[in-house]
$ cat structure-v8.txt   # compact mmCIF, C-alpha atoms
# COMPACT_ATOMS: atom_id res chain seq x y z
CA MET Q 32 -86.83 -49.17 -23.54
CA LYS Q 33 -83.69 -47.32 -24.59
CA GLU Q 34 -82.04 -45.00 -22.12
CA PRO Q 35 -81.83 -41.42 -23.35
CA GLN Q 36 -78.35 -40.57 -24.64
CA LYS Q 37 -76.35 -38.03 -22.63
CA ARG Q 38 -75.59 -34.91 -24.53
CA LYS Q 39 -71.94 -34.07 -24.94
CA SER Q 40 -71.08 -30.63 -23.58
CA VAL Q 41 -69.87 -28.43 -26.37
CA LYS Q 42 -67.90 -25.33 -25.54
CA PRO Q 43 -68.87 -22.32 -27.52
CA ALA Q 44 -66.51 -21.85 -30.47
CA GLY Q 45 -66.10 -18.21 -29.62
CA ALA Q 46 -64.69 -19.01 -26.15
CA ALA Q 47 -62.10 -21.39 -27.58
CA VAL Q 48 -60.99 -18.86 -30.15
CA MET Q 49 -60.73 -16.17 -27.49
CA LYS Q 50 -58.64 -18.44 -25.23
CA ARG Q 51 -56.20 -19.19 -28.05
CA ALA Q 52 -55.97 -15.51 -28.93
CA VAL Q 53 -55.14 -14.57 -25.34
CA ALA Q 54 -52.45 -17.27 -25.19
CA VAL Q 55 -50.88 -16.11 -28.45
CA LEU Q 56 -50.99 -12.50 -27.29
CA GLY Q 57 -49.23 -13.44 -24.06
CA VAL Q 58 -46.46 -15.18 -25.98
CA LEU Q 59 -46.05 -12.20 -28.31
CA VAL Q 60 -45.87 -9.76 -25.40
CA ALA Q 61 -43.26 -11.89 -23.65
CA MET Q 62 -41.20 -12.17 -26.83
CA SER Q 63 -41.35 -8.45 -27.52
CA ALA Q 64 -40.34 -7.65 -23.93
CA GLY Q 65 -37.27 -9.85 -24.15
CA ALA Q 66 -36.37 -9.13 -27.76
CA TYR Q 67 -34.32 -5.99 -27.11
CA VAL Q 68 -31.62 -5.51 -24.52
CA LEU Q 69 -29.63 -2.29 -24.32
CA PRO Q 70 -26.08 -2.56 -25.65
CA GLY Q 71 -23.29 -2.61 -23.10
CA GLY Q 72 -22.05 0.89 -23.95
CA SER Q 73 -25.49 2.39 -23.32
CA ILE Q 74 -25.89 0.52 -20.03
CA LEU Q 75 -22.53 1.74 -18.75
CA ARG Q 76 -23.14 5.30 -19.97
CA ARG Q 77 -26.43 5.45 -18.08
CA MET Q 78 -24.82 3.93 -15.01
CA VAL Q 79 -22.03 6.51 -14.82
CA ALA Q 80 -24.45 9.33 -15.69
CA ALA Q 81 -26.55 8.36 -12.66
CA ARG Q 82 -23.40 8.53 -10.52
CA GLU Q 83 -22.59 11.99 -11.90
CA GLU Q 84 -25.95 13.27 -10.63
CA LEU Q 85 -25.09 12.47 -7.00
CA PRO Q 86 -24.64 15.72 -5.08
CA SER Q 87 -21.69 14.59 -2.99
CA THR Q 88 -18.16 13.51 -3.92
CA ALA Q 89 -17.05 12.28 -0.50
CA LEU Q 90 -18.34 9.67 1.95
CA LYS Q 91 -17.33 8.08 5.22
CA ALA Q 92 -19.46 5.04 6.05
CA ASP Q 93 -19.09 3.06 9.27
CA GLY Q 94 -20.61 -0.35 9.79
CA SER Q 95 -20.24 -3.96 10.82
CA LEU Q 96 -17.84 -6.27 9.03
CA HIS Q 97 -18.30 -10.04 9.11
CA PHE Q 98 -15.91 -12.72 7.87
CA TYR Q 99 -17.07 -16.27 7.18
CA GLY Q 100 -15.74 -19.76 6.56
CA PRO Q 101 -12.15 -20.08 5.36
CA VAL Q 102 -11.46 -16.34 5.71
CA VAL Q 103 -12.07 -16.40 9.48
CA ASN Q 104 -8.54 -17.73 10.01
CA GLU Q 105 -7.06 -15.14 7.63
CA ALA Q 106 -8.88 -12.18 9.17
CA GLY Q 107 -8.48 -13.44 12.74
CA GLY Q 108 -4.72 -13.76 12.36
CA VAL Q 109 -4.42 -10.27 10.84
CA LEU Q 110 -6.69 -8.55 13.37
CA GLY Q 111 -5.55 -10.50 16.40
CA LEU Q 112 -8.99 -11.96 17.02
CA PRO Q 113 -9.88 -15.55 18.01
CA ALA Q 114 -10.62 -17.64 14.94
CA ASP Q 115 -12.14 -20.70 16.67
CA ARG Q 116 -15.63 -19.92 15.37
CA PRO Q 117 -17.51 -20.04 12.04
CA GLU Q 118 -17.94 -16.26 11.90
CA LEU Q 119 -15.79 -13.29 12.89
CA GLU Q 120 -17.06 -9.75 13.51
CA ALA Q 121 -15.12 -6.49 13.36
CA ASP Q 122 -15.78 -2.80 12.77
CA GLY Q 123 -15.48 -1.58 9.21
CA THR Q 124 -15.23 1.79 7.51
CA VAL Q 125 -15.42 2.74 3.83
CA TYR Q 126 -14.01 6.06 2.64
CA LEU Q 127 -14.82 7.39 -0.85
CA ARG Q 128 -13.43 10.51 -2.45
CA LEU Q 129 -14.32 10.87 -6.09
CA PRO Q 130 -12.84 10.37 -8.53
CA GLY Q 131 -11.11 7.09 -7.90
CA ARG Q 132 -9.92 7.22 -4.28
CA CYS Q 133 -11.27 4.56 -1.95
CA ARG Q 134 -10.27 3.03 1.36
CA PHE Q 135 -11.70 0.03 3.21
CA GLU Q 136 -10.68 -0.50 6.85
CA ALA Q 137 -11.17 -3.46 9.16
CA LYS Q 138 -10.75 -2.70 12.86
CA ALA Q 139 -10.67 -4.99 15.85
CA ARG Q 140 -12.03 -3.49 19.05
CA GLU Q 141 -8.66 -4.25 20.64
CA GLY Q 142 -7.10 -1.64 18.36
CA ASN Q 143 -5.64 -3.61 15.45
CA THR Q 144 -6.49 -1.98 12.11
CA VAL Q 145 -5.73 -2.95 8.51
CA ALA Q 146 -6.71 -1.11 5.35
CA ALA Q 147 -6.96 -1.81 1.65
CA VAL Q 148 -6.65 1.28 -0.55
CA SER Q 149 -7.33 1.91 -4.23
CA SER Q 150 -6.17 5.28 -5.51
CA GLY Q 151 -6.12 6.11 -9.20
CA GLY Q 152 -6.25 2.41 -9.96
CA ARG Q 153 -3.21 1.66 -7.79
CA LYS Q 154 -3.53 -0.81 -4.93
CA ARG Q 155 -2.02 -0.31 -1.48
CA VAL Q 156 -2.29 -2.29 1.75
CA GLU Q 157 -1.69 -0.99 5.26
CA GLY Q 158 -0.86 -3.83 7.61
CA LYS Q 159 -1.12 -7.47 6.60
CA GLU Q 160 -3.48 -8.06 3.69
CA ILE Q 161 -6.93 -9.62 3.92
CA PRO Q 162 -7.51 -10.57 0.25
CA ALA Q 163 -11.32 -10.30 0.44
CA LEU Q 164 -10.98 -6.73 1.71
CA SER Q 165 -8.63 -5.85 -1.15
CA GLU Q 166 -10.92 -7.33 -3.80
CA ALA Q 167 -13.88 -5.44 -2.37
CA VAL Q 168 -12.20 -2.04 -2.42
CA GLN Q 169 -10.81 -2.49 -5.94
CA GLN Q 170 -14.18 -3.36 -7.47
CA LEU Q 171 -16.01 -0.79 -5.35
CA CYS Q 172 -13.65 1.95 -6.52
CA ALA Q 173 -13.75 0.88 -10.16
CA VAL Q 174 -17.54 0.98 -10.52
CA LEU Q 175 -18.70 3.33 -7.74
CA GLY Q 176 -15.74 5.69 -7.52
CA VAL Q 177 -15.57 6.74 -11.17
CA ARG Q 178 -16.21 10.35 -12.18
CA ALA Q 179 -14.98 12.22 -15.25
CA GLU Q 180 -15.61 15.34 -17.32
CA SER Q 181 -18.20 13.49 -19.41
CA ALA Q 182 -20.30 10.34 -19.19
CA VAL Q 183 -18.54 8.99 -22.28
CA GLU Q 184 -15.12 9.39 -20.67
CA ALA Q 185 -16.33 7.80 -17.42
CA ARG Q 186 -17.86 4.92 -19.39
CA ASP Q 187 -14.54 4.31 -21.13
CA VAL Q 188 -12.80 4.10 -17.75
CA VAL Q 189 -15.25 1.41 -16.57
CA GLU Q 190 -15.02 -0.48 -19.87
CA THR Q 191 -11.23 -0.59 -19.60
CA HIS Q 192 -11.49 -2.01 -16.08
CA LEU Q 193 -14.01 -4.66 -17.12
CA ARG Q 194 -11.87 -5.65 -20.09
CA ALA Q 195 -8.94 -6.21 -17.74
CA LEU Q 196 -11.14 -8.65 -15.79
CA GLY Q 197 -11.99 -10.55 -18.98
CA ILE Q 198 -15.55 -9.19 -19.15
CA GLU Q 199 -16.86 -8.64 -22.69
CA SER Q 200 -19.11 -5.65 -22.07
CA ARG Q 201 -20.52 -5.65 -25.62
CA THR Q 202 -22.34 -8.93 -24.94
CA THR Q 203 -25.50 -8.26 -22.93
CA SER Q 204 -28.51 -10.17 -21.66
CA LEU Q 205 -31.12 -10.00 -18.91
CA GLY Q 206 -31.04 -11.87 -15.63
CA ARG Q 207 -32.33 -11.81 -12.08
CA PHE Q 208 -30.46 -10.95 -8.92
CA GLY Q 209 -32.58 -11.68 -5.87
CA GLY Q 210 -35.92 -10.14 -6.75
CA ASP Q 211 -34.51 -7.59 -9.21
CA VAL Q 212 -34.06 -7.63 -12.97
CA VAL Q 213 -30.48 -6.93 -14.02
CA TYR Q 214 -28.50 -6.34 -17.18
CA VAL Q 215 -25.71 -8.90 -17.50
CA LEU Q 216 -22.62 -7.74 -19.35
CA GLY Q 217 -20.32 -10.52 -20.48
CA GLN Q 218 -20.62 -13.97 -21.97
CA PRO Q 219 -23.60 -15.88 -20.52
CA GLY Q 220 -23.01 -18.98 -18.48
CA GLU Q 221 -22.02 -20.07 -15.00
CA GLY Q 222 -18.45 -19.20 -14.12
CA LYS Q 223 -18.03 -16.60 -16.88
CA PRO Q 224 -16.63 -13.14 -16.04
CA GLN Q 225 -19.63 -10.79 -15.85
CA PHE Q 226 -20.74 -7.37 -14.65
CA TRP Q 227 -24.36 -7.02 -13.49
CA VAL Q 228 -26.27 -3.72 -13.39
CA TYR Q 229 -29.70 -3.22 -11.81
CA LYS Q 230 -32.19 -2.46 -14.60
CA ASP Q 231 -34.09 -0.14 -12.28
CA GLY Q 232 -31.79 2.79 -11.57
CA PHE Q 233 -28.70 1.55 -13.46
CA ARG Q 234 -26.70 0.91 -10.27
CA PRO Q 235 -23.84 -1.62 -10.10
CA ALA Q 236 -25.02 -4.98 -8.75
CA ARG Q 237 -22.29 -7.56 -9.11
CA VAL Q 238 -18.77 -8.16 -10.50
CA LYS Q 239 -17.76 -11.77 -11.24
CA TYR Q 240 -14.20 -12.55 -12.33
CA LYS Q 241 -11.03 -14.54 -11.71
CA ASP Q 242 -7.80 -13.05 -10.47
CA ALA Q 243 -4.33 -13.75 -11.89
CA LYS Q 244 -4.07 -16.90 -9.75
CA GLY Q 245 -7.37 -18.27 -11.10
CA THR Q 246 -9.34 -17.63 -7.90
CA ALA Q 247 -13.01 -16.87 -8.63
CA TRP Q 248 -14.36 -13.71 -6.95
CA ASP Q 249 -17.87 -12.33 -6.82
CA VAL Q 250 -18.32 -8.84 -5.33
CA ARG Q 251 -21.99 -7.98 -4.74
CA PHE Q 252 -23.62 -4.59 -4.10
CA LEU Q 253 -26.94 -4.98 -2.27
CA ASP Q 254 -29.70 -2.46 -1.49
CA TYR Q 255 -29.22 1.18 -2.45
CA THR Q 256 -32.15 2.43 -0.32
CA SER Q 257 -30.16 3.38 2.79
CA PRO Q 258 -30.68 7.10 3.55
CA VAL Q 259 -27.38 7.35 5.45
CA THR Q 260 -25.26 6.98 2.29
CA GLY Q 261 -27.37 9.00 -0.13
CA GLU Q 262 -27.08 6.27 -2.82
CA MET Q 263 -23.32 6.73 -2.99
CA LEU Q 264 -22.89 3.30 -1.43
CA PRO Q 265 -25.22 0.31 -1.11
CA ARG Q 266 -26.36 -0.75 2.33
CA SER Q 267 -24.38 -4.01 2.06
CA ILE Q 268 -21.33 -5.27 0.19
CA GLU Q 269 -20.63 -8.99 -0.01
CA VAL Q 270 -17.54 -10.82 -1.24
CA TRP Q 271 -17.75 -14.44 -2.38
CA ARG Q 272 -14.73 -16.61 -3.14
CA GLY Q 273 -15.68 -19.56 -5.27
CA GLU Q 274 -18.96 -20.86 -3.89
CA ASP Q 275 -18.45 -19.41 -0.40
CA ARG Q 276 -19.50 -16.07 1.00
CA VAL Q 277 -16.41 -14.90 2.85
CA MET Q 278 -17.15 -11.28 3.80
CA ARG Q 279 -20.10 -8.93 4.33
CA PHE Q 280 -20.06 -5.24 5.21
CA THR Q 281 -23.28 -3.54 6.35
CA VAL Q 282 -23.49 0.25 6.62
CA LEU Q 283 -24.78 1.61 9.93
CA THR Q 284 -23.91 5.32 9.72
CA GLY Q 285 -22.73 7.57 6.92
CA ASP Q 286 -21.42 11.09 6.40
CA THR Q 287 -21.59 12.57 2.88
CA ARG Q 288 -20.00 15.82 4.07
CA ALA Q 289 -16.90 14.24 5.52
CA LYS Q 290 -13.55 16.01 5.10
CA LEU Q 291 -11.22 13.23 4.01
CA ALA Q 292 -7.48 13.80 4.28
CA ASP Q 293 -5.17 13.00 1.38
CA THR Q 294 -3.15 10.70 3.66
CA LEU Q 295 -6.07 8.24 3.78
CA PHE Q 296 -5.48 7.42 0.12
$ encode --input "structure-v8.txt" --output "structure tokens"
Amino acid sequence: MKEPQKRKSVKPAGAAVMKRAVAVLGVLVAMSAGAYVLPGGSILRRMVAAREELPSTALKADGSLHFYGPVVNEAGGVLGLPADRPELEADGTVYLRLPGRCRFEAKAREGNTVAAVSSGGRKRVEGKEIPALSEAVQQLCAVLGVRAESAVEARDVVETHLRALGIESRTTSLGRFGGDVVYVLGQPGEGKPQFWVYKDGFRPARVKYKDAKGTAWDVRFLDYTSPVTGEMLPRSIEVWRGEDRVMRFTVLTGDTRAKLADTLF
């Protein structure tokens, strides 16, 4: 007696067609979402326009300043602090007076203070220089300290600065920075000079470049949600040299009504 043959399960044709249609639709949606990226000029114009809307033109922000790795010896020697540890802590203060005047101080509790200043694009150092501090204030001032009579004029100022760093702002793409989507201005690829802007809010996120000596720097602006700075300054600023994080400043208190003397800049 023959055993009854097992019936092969046949999926309904309609279900298979629907599954393929959903897959195709998903691909099309993904392609359409990534097909258009704003040009660099538009990204920068929106970024500086958002800065123009800020109600304040002055800020004094105090916080904690940490130095790491190879910069511990540099900072320790300048500030008169012991450098026999992997991390060095000092007090830090950022002063902004728009347009284009910025000061970044590092202070040891014993009283030693050094400052890196950027005023009208000109660099000045008070005391012995800590290079990471100087790089931070120059990039901070160039992208957060700009203000002009029009968004177009302010955009041109930023474009000129980026061009000097070797960043081709007309080339744009999308990327991710932490959990955020960013616009990437500059040639794609690891090690290329680039300027990153958060897609949500058009705030500066990151400046990657090499200095005249060929040293690779990466200045990062992290978290603009701090109420103490009123979005004038991110909660944290990091400086990376090559593959190493060498400095981090975290805002603890801020004053957007500060009266800042001309002598600071």
$ atom_distance --input "structure-v8.txt" --atom1 "atom CA of Cys172 of chain Q" --atom2 "atom CA of Leu127 of chain Q"
7.9 Å
$ atom_distance --input "structure-v8.txt" --atom1 "atom CA of Lys91 of chain Q" --atom2 "atom CA of Thr287 of chain Q"
6.6 Å
$ atom_distance --input "structure-v8.txt" --atom1 "atom CA of Arg272 of chain Q" --atom2 "atom CA of Asp122 of chain Q"
21.1 Å
$ closest_residue --input "structure-v8.txt" --among "Q:Met278, Q:Val109, Q:Ala114, Q:Ala167" --to "Thr144 of chain Q" --atoms "all atoms listed in the file"
Q:Val109
$ residues_near_point --input "structure-v8.txt" --point "(-23.7, 14.8, -1.9)" --cutoff "8 Å" --atoms "all atoms listed in the file" --output "short mmCIF file (atom, residue, chain, number, x, y, z; two decimals) with C-alpha atoms, keeping the file's coordinate frame"
data_model
loop_
_atom_site.label_atom_id
_atom_site.label_comp_id
_atom_site.auth_asym_id
_atom_site.auth_seq_id
_atom_site.Cartn_x
_atom_site.Cartn_y
_atom_site.Cartn_z
CA LEU Q 85 -25.09 12.47 -7.00
CA PRO Q 86 -24.64 15.72 -5.08
CA SER Q 87 -21.69 14.59 -2.99
CA THR Q 88 -18.16 13.51 -3.92
CA ALA Q 89 -17.05 12.28 -0.50
CA GLY Q 261 -27.37 9.00 -0.13
CA THR Q 287 -21.59 12.57 2.88
CA ARG Q 288 -20.00 15.82 4.07
#
$ closest_residue --input "structure-v8.txt" --among "Q:Glu160, Q:Asp211, Q:Glu184, Q:Glu274" --to "Lys239 of chain Q" --atoms "all atoms listed in the file"
Q:Glu274
$ closest_residue --input "structure-v8.txt" --among "Q:Leu216, Q:Ser200, Q:Phe296, Q:Glu269" --to "Val228 of chain Q" --atoms "all atoms listed in the file"
Q:Leu216
$ closest_residue --input "structure-v8.txt" --among "Q:Ala121, Q:Leu129, Q:Ala185, Q:Leu205" --to "Ser95 of chain Q" --atoms "all atoms listed in the file"
Q:Ala121
$ residues_near_point --input "structure-v8.txt" --point "(-14.5, 4.7, 5.3)" --cutoff "9 Å" --atoms "only C-alpha atoms" --output "MDAnalysis selection string"
chainID Q and resid 90:93 123:127 133:136 285
$ residues_around --input "structure-v8.txt" --residues "Arg116 of chain Q" --least-positions-apart "3" --cutoff "8 Å" --atoms "only C-alpha atoms" --output "number ranges by chain"
Q: 103, 113, 119
$ axis_aligned_box --input "structure-v8.txt" --around "segment 144-153 of chain Q" --padding-each-side "4 Å" --output "JSON"
{"center_x": -5.3, "center_y": 1.6, "center_z": 1.1, "size_x": 12.1, "size_y": 17.1, "size_z": 30.1}
$ residues_around --input "structure-v8.txt" --residues "Val277 of chain Q" --least-positions-apart "6" --cutoff "12 Å" --atoms "only C-alpha atoms" --output "number ranges by chain"
Q: 96-106, 117-120, 161-164, 166-167, 248-251, 268-271
$ closest_residue --input "structure-v8.txt" --among "Q:Ser165, Q:Gln218, Q:Ser267, Q:Thr294" --to "Ser149 of chain Q" --atoms "all atoms listed in the file"
Q:Ser165
$ closest_residue --input "structure-v8.txt" --among "Q:Gly131, Q:Arg276, Q:Gln169, Q:Asp231" --to "Ala147 of chain Q" --atoms "only C-alpha atoms"
Q:Gln169
$ residues_around --input "structure-v8.txt" --residues "segment 66-76 of chain Q" --least-positions-apart "2" --cutoff "9 Å" --atoms "only C-alpha atoms" --output "ChimeraX atom specification"
/Q:61-64,78-81,182-183,185-187,189-190,199-205,214-217,228,230,233
$ build_atoms --input "structure-v8.txt" --residues "segment 219-248 of chain Q" --atoms "N, CA and C atoms" --output "PDB file, keeping the file's coordinate frame"
ATOM      1  N   PRO Q 219     -22.701 -15.168 -21.439  1.00  0.00           N
ATOM      2  CA  PRO Q 219     -23.600 -15.880 -20.520  1.00  0.00           C
ATOM      3  C   PRO Q 219     -23.022 -17.218 -20.114  1.00  0.00           C
ATOM      4  N   GLY Q 220     -23.455 -17.677 -18.942  1.00  0.00           N
ATOM      5  CA  GLY Q 220     -23.010 -18.980 -18.480  1.00  0.00           C
ATOM      6  C   GLY Q 220     -22.397 -18.917 -17.093  1.00  0.00           C
ATOM      7  N   GLU Q 221     -22.560 -19.986 -16.358  1.00  0.00           N
ATOM      8  CA  GLU Q 221     -22.020 -20.070 -15.000  1.00  0.00           C
ATOM      9  C   GLU Q 221     -20.496 -20.056 -15.055  1.00  0.00           C
ATOM     10  N   GLY Q 222     -19.898 -19.262 -14.191  1.00  0.00           N
ATOM     11  CA  GLY Q 222     -18.450 -19.200 -14.120  1.00  0.00           C
ATOM     12  C   GLY Q 222     -17.800 -18.238 -15.088  1.00  0.00           C
ATOM     13  N   LYS Q 223     -18.579 -17.564 -15.928  1.00  0.00           N
ATOM     14  CA  LYS Q 223     -18.030 -16.600 -16.880  1.00  0.00           C
ATOM     15  C   LYS Q 223     -17.830 -15.248 -16.196  1.00  0.00           C
ATOM     16  N   PRO Q 224     -16.792 -14.491 -16.578  1.00  0.00           N
ATOM     17  CA  PRO Q 224     -16.630 -13.140 -16.040  1.00  0.00           C
ATOM     18  C   PRO Q 224     -17.793 -12.253 -16.478  1.00  0.00           C
ATOM     19  N   GLN Q 225     -18.438 -11.585 -15.537  1.00  0.00           N
ATOM     20  CA  GLN Q 225     -19.630 -10.790 -15.850  1.00  0.00           C
ATOM     21  C   GLN Q 225     -19.727  -9.571 -14.931  1.00  0.00           C
ATOM     22  N   PHE Q 226     -20.408  -8.553 -15.442  1.00  0.00           N
ATOM     23  CA  PHE Q 226     -20.740  -7.370 -14.650  1.00  0.00           C
ATOM     24  C   PHE Q 226     -22.255  -7.199 -14.723  1.00  0.00           C
ATOM     25  N   TRP Q 227     -22.903  -7.129 -13.560  1.00  0.00           N
ATOM     26  CA  TRP Q 227     -24.360  -7.020 -13.490  1.00  0.00           C
ATOM     27  C   TRP Q 227     -24.740  -5.607 -13.052  1.00  0.00           C
ATOM     28  N   VAL Q 228     -25.779  -5.071 -13.690  1.00  0.00           N
ATOM     29  CA  VAL Q 228     -26.270  -3.720 -13.390  1.00  0.00           C
ATOM     30  C   VAL Q 228     -27.778  -3.796 -13.170  1.00  0.00           C
ATOM     31  N   TYR Q 229     -28.258  -3.227 -12.059  1.00  0.00           N
ATOM     32  CA  TYR Q 229     -29.700  -3.220 -11.810  1.00  0.00           C
ATOM     33  C   TYR Q 229     -30.413  -2.459 -12.933  1.00  0.00           C
ATOM     34  N   LYS Q 230     -31.433  -3.091 -13.511  1.00  0.00           N
ATOM     35  CA  LYS Q 230     -32.190  -2.460 -14.600  1.00  0.00           C
ATOM     36  C   LYS Q 230     -32.932  -1.232 -14.112  1.00  0.00           C
ATOM     37  N   ASP Q 231     -33.407  -1.275 -12.885  1.00  0.00           N
ATOM     38  CA  ASP Q 231     -34.090  -0.140 -12.280  1.00  0.00           C
ATOM     39  C   ASP Q 231     -33.066   0.748 -11.580  1.00  0.00           C
ATOM     40  N   GLY Q 232     -32.728   1.857 -12.188  1.00  0.00           N
ATOM     41  CA  GLY Q 232     -31.790   2.790 -11.570  1.00  0.00           C
ATOM     42  C   GLY Q 232     -30.375   2.739 -12.097  1.00  0.00           C
ATOM     43  N   PHE Q 233     -30.035   1.679 -12.864  1.00  0.00           N
ATOM     44  CA  PHE Q 233     -28.700   1.550 -13.460  1.00  0.00           C
ATOM     45  C   PHE Q 233     -27.585   1.671 -12.409  1.00  0.00           C
ATOM     46  N   ARG Q 234     -27.731   0.932 -11.312  1.00  0.00           N
ATOM     47  CA  ARG Q 234     -26.700   0.910 -10.270  1.00  0.00           C
ATOM     48  C   ARG Q 234     -25.926  -0.403 -10.358  1.00  0.00           C
ATOM     49  N   PRO Q 235     -24.634  -0.384 -10.076  1.00  0.00           N
ATOM     50  CA  PRO Q 235     -23.840  -1.620 -10.100  1.00  0.00           C
ATOM     51  C   PRO Q 235     -24.415  -2.656  -9.131  1.00  0.00           C
ATOM     52  N   ALA Q 236     -24.460  -3.907  -9.569  1.00  0.00           N
ATOM     53  CA  ALA Q 236     -25.020  -4.980  -8.750  1.00  0.00           C
ATOM     54  C   ALA Q 236     -24.013  -6.061  -8.396  1.00  0.00           C
ATOM     55  N   ARG Q 237     -23.118  -6.384  -9.334  1.00  0.00           N
ATOM     56  CA  ARG Q 237     -22.290  -7.560  -9.110  1.00  0.00           C
ATOM     57  C   ARG Q 237     -21.125  -7.585 -10.100  1.00  0.00           C
ATOM     58  N   VAL Q 238     -19.932  -7.969  -9.624  1.00  0.00           N
ATOM     59  CA  VAL Q 238     -18.770  -8.160 -10.500  1.00  0.00           C
ATOM     60  C   VAL Q 238     -18.247  -9.575 -10.259  1.00  0.00           C
ATOM     61  N   LYS Q 239     -18.228 -10.391 -11.321  1.00  0.00           N
ATOM     62  CA  LYS Q 239     -17.760 -11.770 -11.240  1.00  0.00           C
ATOM     63  C   LYS Q 239     -16.531 -11.924 -12.132  1.00  0.00           C
ATOM     64  N   TYR Q 240     -15.446 -12.472 -11.573  1.00  0.00           N
ATOM     65  CA  TYR Q 240     -14.200 -12.550 -12.330  1.00  0.00           C
ATOM     66  C   TYR Q 240     -13.237 -13.505 -11.643  1.00  0.00           C
ATOM     67  N   LYS Q 241     -12.115 -13.755 -12.300  1.00  0.00           N
ATOM     68  CA  LYS Q 241     -11.030 -14.540 -11.710  1.00  0.00           C
ATOM     69  C   LYS Q 241      -9.777 -13.687 -11.662  1.00  0.00           C
ATOM     70  N   ASP Q 242      -9.027 -13.815 -10.579  1.00  0.00           N
ATOM     71  CA  ASP Q 242      -7.800 -13.050 -10.470  1.00  0.00           C
ATOM     72  C   ASP Q 242      -6.666 -13.764 -11.224  1.00  0.00           C
ATOM     73  N   ALA Q 243      -5.462 -13.206 -11.135  1.00  0.00           N
ATOM     74  CA  ALA Q 243      -4.330 -13.750 -11.890  1.00  0.00           C
ATOM     75  C   ALA Q 243      -3.981 -15.174 -11.471  1.00  0.00           C
ATOM     76  N   LYS Q 244      -4.356 -15.554 -10.236  1.00  0.00           N
ATOM     77  CA  LYS Q 244      -4.070 -16.900  -9.750  1.00  0.00           C
ATOM     78  C   LYS Q 244      -5.190 -17.893 -10.085  1.00  0.00           C
ATOM     79  N   GLY Q 245      -6.252 -17.401 -10.739  1.00  0.00           N
ATOM     80  CA  GLY Q 245      -7.370 -18.270 -11.100  1.00  0.00           C
ATOM     81  C   GLY Q 245      -8.437 -18.388 -10.036  1.00  0.00           C
ATOM     82  N   THR Q 246      -8.325 -17.606  -8.954  1.00  0.00           N
ATOM     83  CA  THR Q 246      -9.340 -17.630  -7.900  1.00  0.00           C
ATOM     84  C   THR Q 246     -10.582 -16.877  -8.363  1.00  0.00           C
ATOM     85  N   ALA Q 247     -11.740 -17.491  -8.211  1.00  0.00           N
ATOM     86  CA  ALA Q 247     -13.010 -16.870  -8.630  1.00  0.00           C
ATOM     87  C   ALA Q 247     -13.522 -15.956  -7.522  1.00  0.00           C
ATOM     88  N   TRP Q 248     -13.817 -14.692  -7.884  1.00  0.00           N
ATOM     89  CA  TRP Q 248     -14.360 -13.710  -6.950  1.00  0.00           C
ATOM     90  C   TRP Q 248     -15.700 -13.212  -7.447  1.00  0.00           C
TER      91      TRP Q 248
END
